[in-house]
>>> print(open('input22.pdb').read())   # PDB, C-alpha atoms
MODEL        1
ATOM      1  CA  MET E   1       6.769  23.845  26.325
ATOM      2  CA  THR E   2       8.270  20.595  25.003
ATOM      3  CA  ASP E   3       6.366  18.572  27.604
ATOM      4  CA  LEU E   4       3.141  20.384  26.720
ATOM      5  CA  LEU E   5       3.551  19.353  23.069
ATOM      6  CA  GLY E   6       4.641  15.774  23.715
ATOM      7  CA  ALA E   7       2.952  12.641  22.405
ATOM      8  CA  VAL E   8      -0.649  12.016  23.399
ATOM      9  CA  PRO E   9      -0.785   8.436  24.771
ATOM     10  CA  PRO E  10      -3.570   6.474  23.064
ATOM     11  CA  VAL E  11      -6.397   5.270  25.286
ATOM     12  CA  ARG E  12      -8.074   1.981  24.454
ATOM     13  CA  ARG E  13     -11.797   2.654  24.108
ATOM     14  CA  THR E  14     -14.689   0.346  24.947
ATOM     15  CA  GLY E  15     -17.151   2.008  22.577
ATOM     16  CA  ASP E  16     -19.399   3.189  25.393
ATOM     17  CA  GLU E  17     -17.667   6.561  25.765
ATOM     18  CA  PRO E  18     -20.031   9.411  24.819
ATOM     19  CA  LEU E  19     -19.376  12.412  22.672
ATOM     20  CA  HIS E  20     -20.489  15.156  25.026
ATOM     21  CA  LEU E  21     -21.297  18.817  25.282
ATOM     22  CA  HIS E  22     -21.788  20.481  28.676
ATOM     23  CA  GLY E  23     -22.576  17.135  30.260
ATOM     24  CA  THR E  24     -25.040  15.987  27.596
ATOM     25  CA  ALA E  25     -24.212  12.911  25.508
ATOM     26  CA  HIS E  26     -24.377  13.169  21.726
ATOM     27  CA  GLY E  27     -23.662   9.711  20.372
ATOM     28  CA  THR E  28     -20.947   7.244  21.383
ATOM     29  CA  VAL E  29     -17.590   6.043  20.187
ATOM     30  CA  LEU E  30     -19.294   2.808  19.116
ATOM     31  CA  GLY E  31     -21.703   4.831  17.011
ATOM     32  CA  PHE E  32     -18.761   6.641  15.446
ATOM     33  CA  TRP E  33     -17.017   3.346  14.674
ATOM     34  CA  ALA E  34     -20.147   1.931  13.056
ATOM     35  CA  TRP E  35     -20.679   5.100  11.030
ATOM     36  CA  ALA E  36     -17.092   5.535   9.849
ATOM     37  CA  TYR E  37     -15.590   2.060   9.790
ATOM     38  CA  SER E  38     -18.167  -0.429   8.551
ATOM     39  CA  GLY E  39     -16.927  -0.548   4.944
ATOM     40  CA  LEU E  40     -14.373  -3.296   5.507
ATOM     41  CA  ALA E  41     -14.029  -4.149   1.804
ATOM     42  CA  GLY E  42     -12.505  -0.735   1.059
ATOM     43  CA  ASN E  43      -8.748  -0.433   0.633
ATOM     44  CA  THR E  44      -8.073   1.754   3.672
ATOM     45  CA  LEU E  45     -10.091  -0.177   6.235
ATOM     46  CA  ARG E  46      -9.144  -3.548   4.800
ATOM     47  CA  GLY E  47      -5.504  -2.704   5.520
ATOM     48  CA  ALA E  48      -6.255  -1.877   9.152
ATOM     49  CA  LEU E  49      -8.411  -5.006   9.438
ATOM     50  CA  ALA E  50      -5.559  -7.115   8.075
ATOM     51  CA  GLU E  51      -3.244  -5.693  10.737
ATOM     52  CA  TYR E  52      -5.809  -6.572  13.404
ATOM     53  CA  ILE E  53      -6.205 -10.112  12.070
ATOM     54  CA  VAL E  54      -2.446 -10.641  12.182
ATOM     55  CA  ALA E  55      -2.314  -9.101  15.660
ATOM     56  CA  LEU E  56      -5.013 -11.559  16.776
ATOM     57  CA  ALA E  57      -3.047 -14.489  15.397
ATOM     58  CA  LEU E  58       0.112 -13.302  17.133
ATOM     59  CA  GLY E  59      -1.556 -12.604  20.462
ATOM     60  CA  ALA E  60      -0.852  -8.881  20.088
ATOM     61  CA  ALA E  61      -4.412  -7.533  20.234
ATOM     62  CA  GLY E  62      -5.030  -7.800  23.974
ATOM     63  CA  ALA E  63      -6.636  -5.308  26.343
ATOM     64  CA  GLY E  64      -3.505  -3.191  26.728
ATOM     65  CA  GLU E  65      -2.450  -3.225  23.077
ATOM     66  CA  MET E  66      -3.405  -0.838  20.294
ATOM     67  CA  ARG E  67      -2.497   0.039  16.749
ATOM     68  CA  VAL E  68       0.072   2.842  16.586
ATOM     69  CA  ASP E  69      -0.400   5.197  13.649
ATOM     70  CA  TRP E  70       2.733   5.925  11.648
ATOM     71  CA  ASP E  71       5.004   3.576  13.572
ATOM     72  CA  THR E  72       7.954   2.288  11.554
ATOM     73  CA  VAL E  73       6.530  -1.258  11.700
ATOM     74  CA  ASP E  74       2.946  -2.393  12.045
ATOM     75  CA  LEU E  75       3.332  -4.817  14.958
ATOM     76  CA  ARG E  76       5.948  -5.156  17.679
ATOM     77  CA  LEU E  77       5.882  -8.303  19.778
ATOM     78  CA  PRO E  78       7.599  -8.200  23.188
ATOM     79  CA  ASP E  79      10.709 -10.380  22.863
ATOM     80  CA  GLY E  80       9.483 -11.331  19.411
ATOM     81  CA  PRO E  81       9.647 -10.251  15.778
ATOM     82  CA  ARG E  82       8.781  -6.887  14.299
ATOM     83  CA  VAL E  83       6.096  -7.470  11.680
ATOM     84  CA  GLU E  84       5.044  -5.496   8.619
ATOM     85  CA  VAL E  85       1.535  -6.261   7.344
ATOM     86  CA  LYS E  86       0.381  -5.669   3.770
ATOM     87  CA  SER E  87      -3.008  -6.452   2.283
ATOM     88  CA  ALA E  88      -4.638  -6.842  -1.108
ATOM     89  CA  ALA E  89      -7.881  -8.232  -2.505
ATOM     90  CA  TYR E  90      -9.356  -9.350  -5.789
ATOM     91  CA  LEU E  91     -12.695  -7.752  -4.930
ATOM     92  CA  GLN E  92     -13.190  -4.112  -3.951
ATOM     93  CA  GLY E  93     -16.025  -2.156  -2.407
ATOM     94  CA  TRP E  94     -16.793  -0.413  -5.694
ATOM     95  CA  ALA E  95     -18.190  -1.814  -8.960
ATOM     96  CA  GLN E  96     -15.590  -3.684 -11.026
ATOM     97  CA  SER E  97     -15.371  -4.969 -14.562
ATOM     98  CA  ARG E  98     -12.840  -7.602 -13.475
ATOM     99  CA  PRO E  99     -11.030  -8.738 -10.311
ATOM    100  CA  SER E 100      -8.143  -6.519  -9.283
ATOM    101  CA  ALA E 101      -4.560  -7.529 -10.035
ATOM    102  CA  ILE E 102      -2.784  -8.329  -6.793
ATOM    103  CA  SER E 103       0.089  -6.061  -5.812
ATOM    104  CA  PHE E 104       1.641  -5.272  -2.435
ATOM    105  CA  SER E 105       3.762  -2.343  -1.292
ATOM    106  CA  ILE E 106       7.279  -3.312  -0.195
ATOM    107  CA  ALA E 107       8.875   0.124  -0.377
ATOM    108  CA  PRO E 108      11.733   0.906   1.995
ATOM    109  CA  ALA E 109      10.732   3.971   3.970
ATOM    110  CA  GLU E 110      12.024   6.678   6.228
ATOM    111  CA  GLY E 111      11.506   6.126   9.927
ATOM    112  CA  TRP E 112       9.786   8.218  12.554
ATOM    113  CA  ASP E 113       9.466   7.899  16.326
ATOM    114  CA  PRO E 114       5.796   8.536  17.252
ATOM    115  CA  VAL E 115       6.772   9.323  20.868
ATOM    116  CA  THR E 116       9.578  11.826  20.301
ATOM    117  CA  GLY E 117       8.646  12.952  16.805
ATOM    118  CA  ALA E 118      12.271  12.431  15.728
ATOM    119  CA  PRO E 119      12.696  11.444  12.056
ATOM    120  CA  ASP E 120      15.102   8.866  10.676
ATOM    121  CA  PRO E 121      15.801   9.748   7.026
ATOM    122  CA  GLU E 122      17.389   6.393   6.149
ATOM    123  CA  ARG E 123      15.147   4.448   3.793
ATOM    124  CA  LEU E 124      14.960   0.772   4.704
ATOM    125  CA  ARG E 125      12.631  -2.036   5.689
ATOM    126  CA  ARG E 126      12.584  -2.057   9.484
ATOM    127  CA  SER E 127      10.654  -5.254  10.177
ATOM    128  CA  ASP E 128      11.908  -8.802  10.660
ATOM    129  CA  VAL E 129       8.991 -10.379   8.802
ATOM    130  CA  TYR E 130       6.452  -9.360   6.166
ATOM    131  CA  VAL E 131       2.955 -10.838   6.252
ATOM    132  CA  PHE E 132       1.146 -10.429   2.923
ATOM    133  CA  CYS E 133      -2.591 -10.783   3.575
ATOM    134  CA  LEU E 134      -4.684 -11.678   0.551
ATOM    135  CA  LEU E 135      -8.465 -11.544   0.769
ATOM    136  CA  ASP E 136      -8.581 -14.559  -1.500
ATOM    137  CA  HIS E 137     -12.252 -14.598  -2.508
ATOM    138  CA  LEU E 138     -13.785 -14.146  -5.945
ATOM    139  CA  ASP E 139     -17.556 -14.126  -5.375
ATOM    140  CA  LYS E 140     -18.867 -10.671  -4.479
ATOM    141  CA  PRO E 141     -22.250 -11.721  -3.051
ATOM    142  CA  THR E 142     -20.504 -13.870  -0.431
ATOM    143  CA  LEU E 143     -17.490 -11.628   0.187
ATOM    144  CA  ASP E 144     -16.962 -11.266   3.941
ATOM    145  CA  PRO E 145     -13.669  -9.801   5.202
ATOM    146  CA  LEU E 146     -14.618 -11.013   8.705
ATOM    147  CA  ASP E 147     -14.592 -14.641   7.521
ATOM    148  CA  LEU E 148     -11.024 -15.675   8.236
ATOM    149  CA  SER E 149     -11.329 -18.618   5.857
ATOM    150  CA  GLN E 150     -11.473 -16.117   2.968
ATOM    151  CA  TRP E 151      -7.949 -14.881   3.765
ATOM    152  CA  THR E 152      -4.637 -16.402   2.701
ATOM    153  CA  PHE E 153      -1.379 -15.287   4.310
ATOM    154  CA  HIS E 154       2.078 -15.346   2.739
ATOM    155  CA  VAL E 155       4.903 -14.960   5.262
ATOM    156  CA  LEU E 156       8.414 -13.934   4.253
ATOM    157  CA  PRO E 157      11.561 -12.869   6.118
ATOM    158  CA  THR E 158      12.300  -9.229   5.385
ATOM    159  CA  ARG E 159      15.894 -10.092   4.513
ATOM    160  CA  VAL E 160      14.629 -11.998   1.451
ATOM    161  CA  LEU E 161      13.014  -8.821   0.129
ATOM    162  CA  ASP E 162      16.190  -6.869   0.859
ATOM    163  CA  GLU E 163      18.379  -9.444  -0.908
ATOM    164  CA  ARG E 164      16.144 -10.204  -3.885
ATOM    165  CA  LYS E 165      14.137  -6.999  -4.424
ATOM    166  CA  GLY E 166      16.423  -4.251  -3.162
ATOM    167  CA  SER E 167      14.702  -0.875  -3.364
ATOM    168  CA  ARG E 168      11.677  -2.116  -5.316
ATOM    169  CA  ARG E 169       8.499  -0.419  -4.159
ATOM    170  CA  THR E 170       5.853  -2.988  -5.109
ATOM    171  CA  ILE E 171       5.590  -6.690  -5.765
ATOM    172  CA  GLY E 172       2.930  -8.616  -7.677
ATOM    173  CA  LEU E 173       1.617 -11.970  -6.548
ATOM    174  CA  PRO E 174       3.580 -14.097  -9.076
ATOM    175  CA  ALA E 175       6.838 -12.361  -8.108
ATOM    176  CA  LEU E 176       6.019 -12.827  -4.428
ATOM    177  CA  LEU E 177       5.303 -16.533  -4.895
ATOM    178  CA  ALA E 178       8.648 -16.887  -6.706
ATOM    179  CA  LEU E 179      10.328 -15.908  -3.418
ATOM    180  CA  ASP E 180       8.845 -19.049  -1.802
ATOM    181  CA  PRO E 181       6.974 -17.479   1.120
ATOM    182  CA  VAL E 182       5.193 -19.699   3.620
ATOM    183  CA  ARG E 183       1.515 -19.853   2.699
ATOM    184  CA  THR E 184      -0.830 -20.387   5.605
ATOM    185  CA  GLY E 185      -4.295 -19.814   6.938
ATOM    186  CA  PHE E 186      -5.091 -17.959  10.136
ATOM    187  CA  ASP E 187      -4.442 -20.947  12.402
ATOM    188  CA  GLY E 188      -0.867 -21.382  11.193
ATOM    189  CA  LEU E 189       0.036 -17.713  11.018
ATOM    190  CA  ARG E 190       1.725 -17.329  14.397
ATOM    191  CA  ALA E 191       4.030 -20.306  13.870
ATOM    192  CA  ALA E 192       4.889 -19.133  10.352
ATOM    193  CA  VAL E 193       5.806 -15.621  11.544
ATOM    194  CA  PHE E 194       8.079 -16.828  14.338
ATOM    195  CA  ALA E 195       9.721 -19.379  12.038
ATOM    196  CA  ALA E 196      10.356 -16.719   9.375
ATOM    197  CA  ALA E 197      11.920 -14.465  11.992
ATOM    198  CA  GLY E 198      14.126 -17.261  13.330
ATOM    199  CA  VAL E 199      12.813 -16.497  16.811
ATOM    200  CA  GLN E 200      11.637 -19.110  19.286
ATOM    201  CA  ASP E 201       7.981 -18.682  20.152
ATOM    202  CA  GLY E 202       7.774 -18.617  23.942
ATOM    203  CA  ALA E 203       4.068 -19.478  23.817
ATOM    204  CA  LEU E 204       4.873 -22.788  22.102
ATOM    205  CA  THR E 205       7.768 -23.889  24.346
TER
ENDMDL
END
>>> encode(input="input22.pdb", output="structure tokens")
Amino acid sequence: MTDLLGAVPPVRRTGDEPLHLHGTAHGTVLGFWAWAYSGLAGNTLRGALAEYIVALALGAAGAGEMRVDWDTVDLRLPDGPRVEVKSAAYLQGWAQSRPSAISFSIAPAEGWDPVTGAPDPERLRRSDVYVFCLLDHLDKPTLDPLDLSQWTFHVLPTRVLDERKGSRRTIGLPALLALDPVRTGFDGLRAAVFAAAGVQDGALT
């Protein structure tokens, strides 16, 4: 019975797969994606998009790689750092009277193994590096989360958060900047992450 209730391995989709009933197609996965996941300025999807952008920069978004829901860290690089990705934006998908104040979650959390389902009740930060992704754009008519030039990335070793912020659950932008993170654009993100982790980047050697 345990094997029958084990983890369901994710399958990377192309978008062409049909929803089907008795051999008849009723839409496609691509149609589902377009219907459900086109609002990239919203908080939920922007967070997933930020993870994908960081994965692209780190070379961790290839054909055999996928986002793992509820993993204890957002990105795991083979022989490289474990990376936690957080996002925030001044502009939201809804109407606003003013730009949003920037705040990121840094809460230590319980762990969980998505393969075995085994919990780890110890609350801690399990990554080597945090990447704080700020959609740093203030003009709504030209807001485009797909334009990588509109993003700014702040990269910080996790140990700095542990040493300076302890069990704090959130951090505002001024407090984050006071920790002296590396600020970079997309092109410099990979080098900044490996440097923050103190790990040699095999792709650059």
>>> resolve_selection(input="input22.pdb", expression="the PyMOL selection byres ((chain E and resi 14) around 10)", output="JSON, numbers by chain")
{"E": [11, 12, 13, 15, 16, 17, 28, 29, 30, 63]}
>>> residues_around(input="input22.pdb", residues="Arg123 in chain E", least_positions_apart="5", cutoff="8 Å", atoms="all atoms listed in the file", output="list of chain:residue names")
E:Pro108, E:Ala109, E:Glu110, E:Gly111
>>> residues_around(input="input22.pdb", residues="Leu161 in chain E", least_positions_apart="3", cutoff="9 Å", atoms="all atoms listed in the file", output="VMD selection string")
chain E and resid 106 125 130 156 to 158 164 to 168 179
>>> closest_atom_pairs(input="input22.pdb", of="range 75-178 of chain E", to="range 37-43 of chain E", cutoff="12 Å", atoms="only C-alpha atoms", output="CSV")
residue,atom,partner,partner_atom,distance
E:Lys86,CA,E:Asn43,CA,11.0
E:Ser87,CA,E:Asn43,CA,8.5
E:Ala88,CA,E:Asn43,CA,7.8
E:Ala89,CA,E:Asn43,CA,8.5
E:Tyr90,CA,E:Ala41,CA,10.3
E:Leu91,CA,E:Ala41,CA,7.8
E:Gln92,CA,E:Ala41,CA,5.8
E:Gly93,CA,E:Ala41,CA,5.1
E:Trp94,CA,E:Gly42,CA,8.0
E:Ala95,CA,E:Gly42,CA,11.6
E:Ser100,CA,E:Asn43,CA,11.7
E:Phe104,CA,E:Asn43,CA,11.9
E:Leu134,CA,E:Asn43,CA,12.0
E:Leu135,CA,E:Ala41,CA,9.3
E:His137,CA,E:Ala41,CA,11.4
E:Lys140,CA,E:Ala41,CA,10.3
E:Thr142,CA,E:Ala41,CA,11.9
E:Leu143,CA,E:Ala41,CA,8.4
E:Asp144,CA,E:Ala41,CA,8.0
E:Pro145,CA,E:Leu40,CA,6.6
E:Leu146,CA,E:Leu40,CA,8.4
E:Asp147,CA,E:Leu40,CA,11.5
>>> resolve_selection(input="input22.pdb", expression="the PyMOL selection byres ((chain E and resi 198-203) around 12)", output="PyMOL selection string")
chain E and resi 58-59+77-82+128-129+156-159+190-197+204-205
>>> closest_residue(input="input22.pdb", among="E:Asp180, E:Leu148, E:Leu173, E:Thr72", to="Ala118 in chain E", atoms="only C-alpha atoms")
E:Thr72
>>> closest_residue(input="input22.pdb", among="E:Leu138, E:Asp113, E:Leu176, E:Glu122", to="Gly6 in chain E", atoms="all atoms listed in the file")
E:Asp113
>>> residues_around(input="input22.pdb", residues="Gly172 in chain E", least_positions_apart="6", cutoff="10 Å", atoms="all atoms listed in the file", output="PyMOL selection string")
chain E and resi 101-105
>>> resolve_selection(input="input22.pdb", expression="the PyMOL selection byres ((chain E and resi 53) around 12)", output="number ranges by chain")
E: 46-52, 54-61, 67, 74-75, 85-87, 131-135, 145-149, 151-153, 185-187, 189-190
